[in-house]
Amino acid sequence: MNAKDNDTNSTWFDPDDAPELTEAWFEDAHQYQGNTLVKRGRGRPPIPVSERKVPVKIRYDQDVVEAFRQTGKGWQTRMNQALRQYLKEHSVHDLN
């Protein structure tokens, strides 16, 4: 017989078995004031707004992209560093 087996292997947890909320648990928890995050618990810290990457769609010449890709993994980061170095050495306002 090919009837569906009703054994779903689901695990049921008794709410009475929940861990005790200790001082250490609260120390590691996120804390909010309204909708504003005041203290972040464990995990990766948030990146400051000034350091966040901005996704853009841009087109480069094929030879430029290939030159950076040939440098291996991390080529996009190196391209960003090259553009940042250019900005340090040149004024983009003078390009007009």
# chains A, B, ... in the order shown; residues from 1 in each chain; ligands from 1
$ select_by_dssp --residues "chain A" --states "strand (DSSP E or B)" --output "ChimeraX atom specification"
/A:31-33,36-39
$ select_by_dssp --residues "chain A" --states "helix (DSSP H, G or I)" --output "PyMOL selection string"
chain A and resi 15-17+23-28+49-51+62-69+75-89+92-95
$ atom_distance --atom1 "CA of Glu89 in chain A" --atom2 "CA of Ile47 in chain A"
26.8 Å
$ atom_distance --atom1 "CA of Val65 in chain A" --atom2 "CA of Ser50 in chain A"
26.2 Å
